[in-house]
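Note: the block below is start.txt and it holds compact mmCIF, C-alpha atoms.
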# COMPACT_ATOMS: atom_id res chain seq x y z
CA ASN C 1 40.32 -92.73 -9.79
CA ALA C 2 39.72 -92.14 -13.53
CA GLY C 3 35.96 -92.88 -13.59
CA VAL C 4 34.87 -93.80 -17.13
CA THR C 5 37.49 -93.70 -19.85
CA GLN C 6 36.98 -94.02 -23.60
CA THR C 7 39.37 -94.58 -26.49
CA PRO C 8 39.92 -93.22 -29.03
CA LYS C 9 38.88 -89.57 -28.54
CA PHE C 10 38.55 -88.93 -32.28
CA GLN C 11 38.28 -91.20 -35.31
CA VAL C 12 37.70 -90.76 -39.03
CA LEU C 13 36.58 -93.79 -41.03
CA LYS C 14 35.70 -94.45 -44.63
CA THR C 15 32.37 -96.05 -45.44
CA GLY C 16 32.60 -99.80 -45.00
CA GLN C 17 35.51 -99.78 -42.57
CA SER C 18 35.18 -101.38 -39.16
CA MET C 19 36.34 -100.24 -35.75
CA THR C 20 35.88 -100.87 -32.05
CA LEU C 21 35.28 -98.18 -29.45
CA GLN C 22 36.67 -99.06 -26.04
CA CYS C 23 35.23 -98.15 -22.65
CA ALA C 24 36.46 -98.93 -19.16
CA GLN C 25 35.28 -97.94 -15.67
CA ASP C 26 37.10 -98.27 -12.36
CA MET C 27 34.12 -97.69 -10.03
CA ASN C 28 33.17 -101.37 -9.68
CA HIS C 29 29.83 -100.68 -11.38
CA ASN C 30 27.71 -103.55 -12.58
CA SER C 31 25.88 -101.79 -15.41
CA MET C 32 27.33 -100.13 -18.51
CA TYR C 33 25.77 -98.28 -21.45
CA TRP C 34 26.58 -96.99 -24.93
CA TYR C 35 24.84 -93.86 -26.23
CA ARG C 36 25.14 -91.77 -29.35
CA GLN C 37 24.53 -88.02 -29.35
CA ASP C 38 23.37 -86.19 -32.45
CA PRO C 39 22.28 -82.55 -32.82
CA GLY C 40 18.62 -82.09 -31.95
CA MET C 41 18.26 -85.74 -30.92
CA GLY C 42 19.79 -85.82 -27.48
CA LEU C 43 21.37 -89.01 -26.18
CA ARG C 44 19.99 -92.26 -27.57
CA LEU C 45 20.75 -95.65 -26.08
CA ILE C 46 22.46 -98.09 -28.44
CA TYR C 47 23.15 -101.09 -26.17
CA TYR C 48 23.48 -101.71 -22.48
CA SER C 49 24.85 -104.38 -20.18
CA ALA C 50 22.94 -104.79 -16.92
CA SER C 51 25.70 -106.98 -15.49
CA GLU C 52 28.80 -108.86 -16.55
CA GLY C 53 27.84 -111.51 -19.11
CA THR C 54 24.62 -109.85 -20.32
CA THR C 55 23.91 -107.37 -23.10
CA ASP C 56 20.65 -105.99 -24.50
CA LYS C 57 19.56 -103.73 -27.31
CA GLY C 58 18.58 -100.15 -26.71
CA GLU C 59 16.72 -97.68 -28.89
CA VAL C 60 19.08 -97.61 -31.90
CA PRO C 61 21.09 -100.90 -32.07
CA ASN C 62 21.19 -101.45 -35.84
CA GLY C 63 24.71 -101.47 -37.28
CA TYR C 64 26.40 -102.02 -33.90
CA ASN C 65 27.57 -104.90 -31.76
CA VAL C 66 28.84 -104.91 -28.20
CA SER C 67 30.98 -107.05 -25.95
CA ARG C 68 31.07 -106.95 -22.16
CA LEU C 69 34.63 -108.18 -21.84
CA ASN C 70 34.65 -108.21 -18.03
CA LYS C 71 33.15 -106.12 -15.26
CA ARG C 72 35.31 -103.12 -16.14
CA GLU C 73 35.16 -103.07 -19.94
CA PHE C 74 32.38 -102.67 -22.48
CA SER C 75 33.24 -102.26 -26.17
CA LEU C 76 31.15 -101.08 -29.12
CA ARG C 77 31.91 -102.36 -32.62
CA LEU C 78 30.92 -100.95 -35.97
CA GLU C 79 31.30 -103.79 -38.47
CA SER C 80 30.74 -101.73 -41.65
CA ALA C 81 30.62 -98.03 -40.93
CA ALA C 82 28.08 -95.80 -42.68
CA PRO C 83 27.88 -91.99 -42.85
CA SER C 84 24.71 -92.17 -40.72
CA GLN C 85 26.91 -93.40 -37.88
CA THR C 86 28.78 -90.10 -37.74
CA SER C 87 28.12 -89.03 -34.17
CA VAL C 88 29.57 -88.55 -30.71
CA TYR C 89 29.55 -91.79 -28.74
CA PHE C 90 29.36 -91.86 -24.95
CA CYS C 91 29.89 -94.75 -22.62
CA ALA C 92 28.29 -94.63 -19.16
CA SER C 93 28.18 -96.80 -16.08
CA GLN C 94 26.06 -97.04 -12.96
CA THR C 95 26.05 -99.13 -9.83
CA SER C 96 23.24 -101.43 -10.93
CA VAL C 97 19.92 -101.43 -12.74
CA GLU C 98 17.85 -102.59 -9.76
CA ALA C 99 17.12 -99.08 -8.56
CA TYR C 100 17.74 -95.61 -9.89
CA ASN C 101 21.21 -94.30 -9.34
CA GLU C 102 23.47 -91.86 -11.13
CA GLN C 103 24.95 -92.71 -14.49
CA PHE C 104 28.55 -91.59 -14.93
CA PHE C 105 29.62 -90.68 -18.45
CA GLY C 106 32.95 -90.87 -20.22
CA PRO C 107 34.40 -87.98 -22.27
CA GLY C 108 33.08 -89.29 -25.58
CA THR C 109 34.47 -90.46 -28.92
CA ARG C 110 33.89 -88.20 -31.91
CA LEU C 111 33.45 -90.37 -34.98
CA THR C 112 33.22 -89.17 -38.57
CA VAL C 113 32.38 -91.60 -41.37
CA LEU C 114 33.17 -90.32 -44.87
CA GLN R 115 7.58 -89.08 -30.86
CA LYS R 116 10.34 -88.84 -28.28
CA GLU R 117 9.39 -89.75 -24.74
CA VAL R 118 11.01 -86.57 -23.44
CA GLU R 119 10.68 -83.30 -25.37
CA GLN R 120 12.92 -80.32 -24.75
CA ASP R 121 13.22 -77.01 -26.54
CA PRO R 122 16.79 -76.98 -27.92
CA GLY R 123 17.07 -73.18 -27.69
CA PRO R 124 19.68 -71.74 -27.75
CA LEU R 125 19.14 -69.47 -24.78
CA SER R 126 21.29 -66.39 -24.10
CA VAL R 127 20.90 -64.40 -20.88
CA PRO R 128 22.88 -61.67 -19.08
CA GLU R 129 24.83 -62.53 -15.96
CA GLY R 130 22.61 -62.49 -12.88
CA ALA R 131 19.42 -63.39 -14.75
CA ILE R 132 17.17 -66.32 -13.89
CA VAL R 133 17.39 -69.16 -16.37
CA SER R 134 14.27 -71.24 -16.86
CA LEU R 135 14.45 -74.58 -18.67
CA ASN R 136 11.52 -76.87 -19.38
CA CYS R 137 10.74 -80.34 -20.64
CA THR R 138 7.64 -82.43 -21.13
CA TYR R 139 7.39 -86.19 -21.06
CA SER R 140 4.85 -88.72 -22.23
CA ASN R 141 5.46 -91.91 -20.23
CA SER R 142 3.38 -91.91 -17.04
CA ALA R 143 5.60 -94.68 -15.65
CA PHE R 144 8.58 -92.35 -15.26
CA GLN R 145 9.42 -91.92 -11.60
CA TYR R 146 12.84 -90.27 -11.51
CA PHE R 147 13.61 -87.02 -13.27
CA MET R 148 17.11 -85.72 -13.80
CA TRP R 149 18.98 -82.73 -15.12
CA TYR R 150 22.40 -83.31 -16.61
CA ARG R 151 24.84 -80.53 -17.47
CA GLN R 152 27.21 -80.93 -20.40
CA TYR R 153 30.07 -78.56 -21.06
CA SER R 154 31.36 -78.24 -24.59
CA ARG R 155 33.20 -81.38 -25.76
CA LYS R 156 32.66 -83.14 -22.42
CA GLY R 157 30.43 -85.92 -21.20
CA PRO R 158 27.18 -85.13 -19.33
CA GLU R 159 27.31 -84.84 -15.53
CA LEU R 160 24.36 -85.23 -13.19
CA LEU R 161 23.27 -81.87 -11.81
CA MET R 162 20.14 -82.80 -9.87
CA TYR R 163 17.44 -85.43 -9.67
CA THR R 164 14.00 -85.62 -8.15
CA TYR R 165 11.71 -88.50 -7.37
CA SER R 166 8.04 -88.16 -8.32
CA SER R 167 6.46 -84.71 -8.05
CA GLY R 168 7.75 -81.75 -6.10
CA ASN R 169 10.65 -79.33 -5.82
CA LYS R 170 14.29 -79.83 -4.99
CA GLU R 171 16.74 -77.03 -4.33
CA ASP R 172 20.53 -77.13 -4.43
CA GLY R 173 22.19 -73.76 -4.05
CA ARG R 174 21.25 -71.64 -7.06
CA PHE R 175 19.49 -74.54 -8.78
CA THR R 176 15.87 -75.60 -8.33
CA ALA R 177 14.29 -78.60 -10.05
CA GLN R 178 10.51 -79.00 -10.25
CA VAL R 179 8.38 -81.90 -11.42
CA ASP R 180 4.64 -81.74 -12.00
CA LYS R 181 3.46 -85.27 -12.78
CA SER R 182 -0.12 -84.16 -13.35
CA SER R 183 0.97 -82.12 -16.37
CA LYS R 184 4.08 -84.21 -17.15
CA TYR R 185 6.26 -81.14 -16.89
CA ILE R 186 9.90 -80.91 -15.73
CA SER R 187 11.62 -77.60 -14.98
CA LEU R 188 15.03 -76.33 -13.93
CA PHE R 189 15.63 -72.82 -12.64
CA ILE R 190 19.06 -71.26 -12.25
CA ARG R 191 19.15 -68.16 -10.06
CA ASP R 192 21.85 -65.50 -10.25
CA SER R 193 23.27 -67.12 -13.37
CA GLN R 194 27.04 -66.99 -13.92
CA PRO R 195 29.16 -67.29 -17.08
CA SER R 196 30.35 -70.64 -15.68
CA ASP R 197 26.74 -71.89 -16.04
CA SER R 198 27.12 -71.70 -19.84
CA ALA R 199 26.54 -75.29 -20.98
CA THR R 200 23.99 -77.60 -22.51
CA TYR R 201 21.36 -78.82 -20.05
CA LEU R 202 19.68 -82.14 -20.69
CA CYS R 203 16.55 -83.31 -18.94
CA ALA R 204 16.05 -87.03 -18.51
CA SER R 205 13.50 -89.40 -17.09
CA CYS R 206 14.06 -92.87 -15.74
CA TYR R 207 11.89 -95.95 -15.76
CA LEU R 208 13.43 -99.14 -14.42
CA TYR R 209 17.00 -98.99 -15.68
CA LYS R 210 16.72 -96.87 -18.81
CA LEU R 211 17.10 -93.14 -19.17
CA SER R 212 15.22 -91.19 -21.82
CA PHE R 213 16.86 -87.87 -22.62
CA GLY R 214 15.58 -84.62 -24.06
CA ALA R 215 17.49 -83.02 -26.91
CA GLY R 216 19.25 -80.55 -24.56
CA THR R 217 19.09 -76.75 -24.30
CA THR R 218 22.27 -74.76 -24.87
CA VAL R 219 22.55 -71.84 -22.44
CA THR R 220 24.98 -68.94 -22.72
CA VAL R 221 25.34 -66.51 -19.81
CA ARG R 222 26.84 -63.24 -21.00
CA ALA R 223 29.24 -61.42 -18.64
Target encoding structure tokens, full file:
Amino acid sequence: NAGVTQTPKFQVLKTGQSMTLQCAQDMNHNSMYWYRQDPGMGLRLIYYSASEGTTDKGEVPNGYNVSRLNKREFSLRLESAAPSQTSVYFCASQTSVEAYNEQFFGPGTRLTVL
Amino acid sequence: QKEVEQDPGPLSVPEGAIVSLNCTYSNSAFQYFMWYRQYSRKGPELLMYTYSSGNKEDGRFTAQVDKSSKYISLFIRDSQPSDSATYLCASCYLYKLSFGAGTTVTVRA
């Protein structure tokens, strides 16, 4: 039981390049989330998917797109990377959004944009 | 202004000391209050959560929420070097979590 997995673990991009961050969970959770973590800012929600087939913007969605590929997988795409997107990205999942329950986080992807 | 404010520290204490961590929040609609622990280069893990006001104890950890003052606290008794981590407070309304910036704690052996 791997929980939440993320690939890649590290990535360096040049400004303007694109890439997709992958996330998968094996806990049969309905809801999935993408956060970014920056020093002094805590975790900020980029996008979330309440259930398979739905996605919604979070607090900082500009410059990102997401795809909920199936119940297990939720990807985050940077179409044209900018230095301001240098951050650590975390994917999380939880049972559902209907009531509070624990969010489980992946190990993170450390992205540097030069 | 962030919905949840947390002093980023850092905080350094000797082994065995009591660690006190605090957050304030602004959204009166928050009902669930969480503390996540994050070790270096790892993802956050839920440590404790409370619903509404009151205290909750789990071993050496005690979480307190005072909704009248919008104050969230975490106390770690008999702190150990293994408690060295970043602690993030969070509040939940509906399906979204709002996180504080995190406080980095170092427990010196």
Counting all atoms listed in the file, which residues from chain R have an atom at most 8 Å from any atom of chain C, and could you show them as an mmCIF file with C-alpha atoms, keeping the file's coordinate frame?
data_model
loop_
_atom_site.group_PDB
_atom_site.id
_atom_site.type_symbol
_atom_site.label_atom_id
_atom_site.label_comp_id
_atom_site.auth_asym_id
_atom_site.auth_seq_id
_atom_site.Cartn_x
_atom_site.Cartn_y
_atom_site.Cartn_z
ATOM 1 C CA PRO R 122 16.790 -76.980 -27.920
ATOM 2 C CA TYR R 146 12.840 -90.270 -11.510
ATOM 3 C CA ARG R 155 33.200 -81.380 -25.760
ATOM 4 C CA LYS R 156 32.660 -83.140 -22.420
ATOM 5 C CA GLY R 157 30.430 -85.920 -21.200
ATOM 6 C CA PRO R 158 27.180 -85.130 -19.330
ATOM 7 C CA GLU R 159 27.310 -84.840 -15.530
ATOM 8 C CA LEU R 160 24.360 -85.230 -13.190
ATOM 9 C CA LEU R 202 19.680 -82.140 -20.690
ATOM 10 C CA CYS R 206 14.060 -92.870 -15.740
ATOM 11 C CA LEU R 208 13.430 -99.140 -14.420
ATOM 12 C CA TYR R 209 17.000 -98.990 -15.680
ATOM 13 C CA SER R 212 15.220 -91.190 -21.820
ATOM 14 C CA PHE R 213 16.860 -87.870 -22.620
ATOM 15 C CA GLY R 214 15.580 -84.620 -24.060
ATOM 16 C CA ALA R 215 17.490 -83.020 -26.910
ATOM 17 C CA GLY R 216 19.250 -80.550 -24.560
#
Would you pick out the contacts of Gly3 in chain C at 8 Å or less, using all atoms listed in the file, so that residues sharing its chain but fewer than 2 positions from it are not included, and give the list as a PDB file with C-alpha atoms, in the frame of the given file?
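Result went into result_11.pdb, see below:
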ATOM      1  CA  ASN C   1      40.320 -92.730  -9.790  1.00  0.00           C
ATOM      2  CA  THR C   5      37.490 -93.700 -19.850  1.00  0.00           C
ATOM      3  CA  GLN C  25      35.280 -97.940 -15.670  1.00  0.00           C
ATOM      4  CA  ASP C  26      37.100 -98.270 -12.360  1.00  0.00           C
ATOM      5  CA  MET C  27      34.120 -97.690 -10.030  1.00  0.00           C
ATOM      6  CA  PHE C 104      28.550 -91.590 -14.930  1.00  0.00           C
ATOM      7  CA  GLY C 106      32.950 -90.870 -20.220  1.00  0.00           C
TER       8      GLY C 106
END
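The residue that comes closest to Gln178 in chain R, out of R:Met148, R:Ala223, R:Leu161, R:Ala199 and on the basis of all atoms listed in the file, is R:Met148.
The spacing separating CA of Ala143 in chain R from CA of Asp121 in chain R amounts to 22.1 Å.
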- Query: For Ile186 in chain R, which residue among R:Ser205, R:Gln115, R:Ser126, R:Thr200 is the nearest when counting only C-alpha atoms?
  - Reply: R:Ser205
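Coordinates place CA of Cys137 in chain R at a distance of 19.6 Å from CA of Ser193 in chain R.
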Find the residues around Val127 in chain R up to 10 Å (all atoms listed in the file counted), leave out those fewer than 3 positions away in its own chain, and share them as a PDB file with C-alpha atoms, keeping the file's coordinate frame.
ATOM      1  CA  GLY R 130      22.610 -62.490 -12.880  1.00  0.00           C
ATOM      2  CA  ALA R 131      19.420 -63.390 -14.750  1.00  0.00           C
ATOM      3  CA  ILE R 132      17.170 -66.320 -13.890  1.00  0.00           C
ATOM      4  CA  VAL R 133      17.390 -69.160 -16.370  1.00  0.00           C
ATOM      5  CA  SER R 193      23.270 -67.120 -13.370  1.00  0.00           C
ATOM      6  CA  GLN R 194      27.040 -66.990 -13.920  1.00  0.00           C
ATOM      7  CA  PRO R 195      29.160 -67.290 -17.080  1.00  0.00           C
ATOM      8  CA  SER R 198      27.120 -71.700 -19.840  1.00  0.00           C
ATOM      9  CA  VAL R 219      22.550 -71.840 -22.440  1.00  0.00           C
ATOM     10  CA  THR R 220      24.980 -68.940 -22.720  1.00  0.00           C
ATOM     11  CA  VAL R 221      25.340 -66.510 -19.810  1.00  0.00           C
ATOM     12  CA  ARG R 222      26.840 -63.240 -21.000  1.00  0.00           C
ATOM     13  CA  ALA R 223      29.240 -61.420 -18.640  1.00  0.00           C
TER      14      ALA R 223
END
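Distance annotation: of R:Val179, R:Thr217, R:Lys210, R:Gly173, the residue with the minimal separation from Lys57 in chain C is R:Lys210; atom set is all atoms listed in the file.
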- Would you list the contacts of Ser84 in chain C as a PyMOL selection string, taking every protein, DNA or RNA residue within 10 Å and counting all atoms listed in the file, but skipping same-chain residues closer than 5 positions in sequence? chain C and resi 15+63+112-114
- Query: Can you tell me how far CA of Lys14 in chain C sits from CA of Pro83 in chain C, in Å to one decimal?
  - Reply: 8.4 Å
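For the choices C:Thr95, C:Val60, C:Ser49, C:Lys9, the atom-to-atom distance to His29 in chain C is smallest for C:Thr95 when using all atoms listed in the file.
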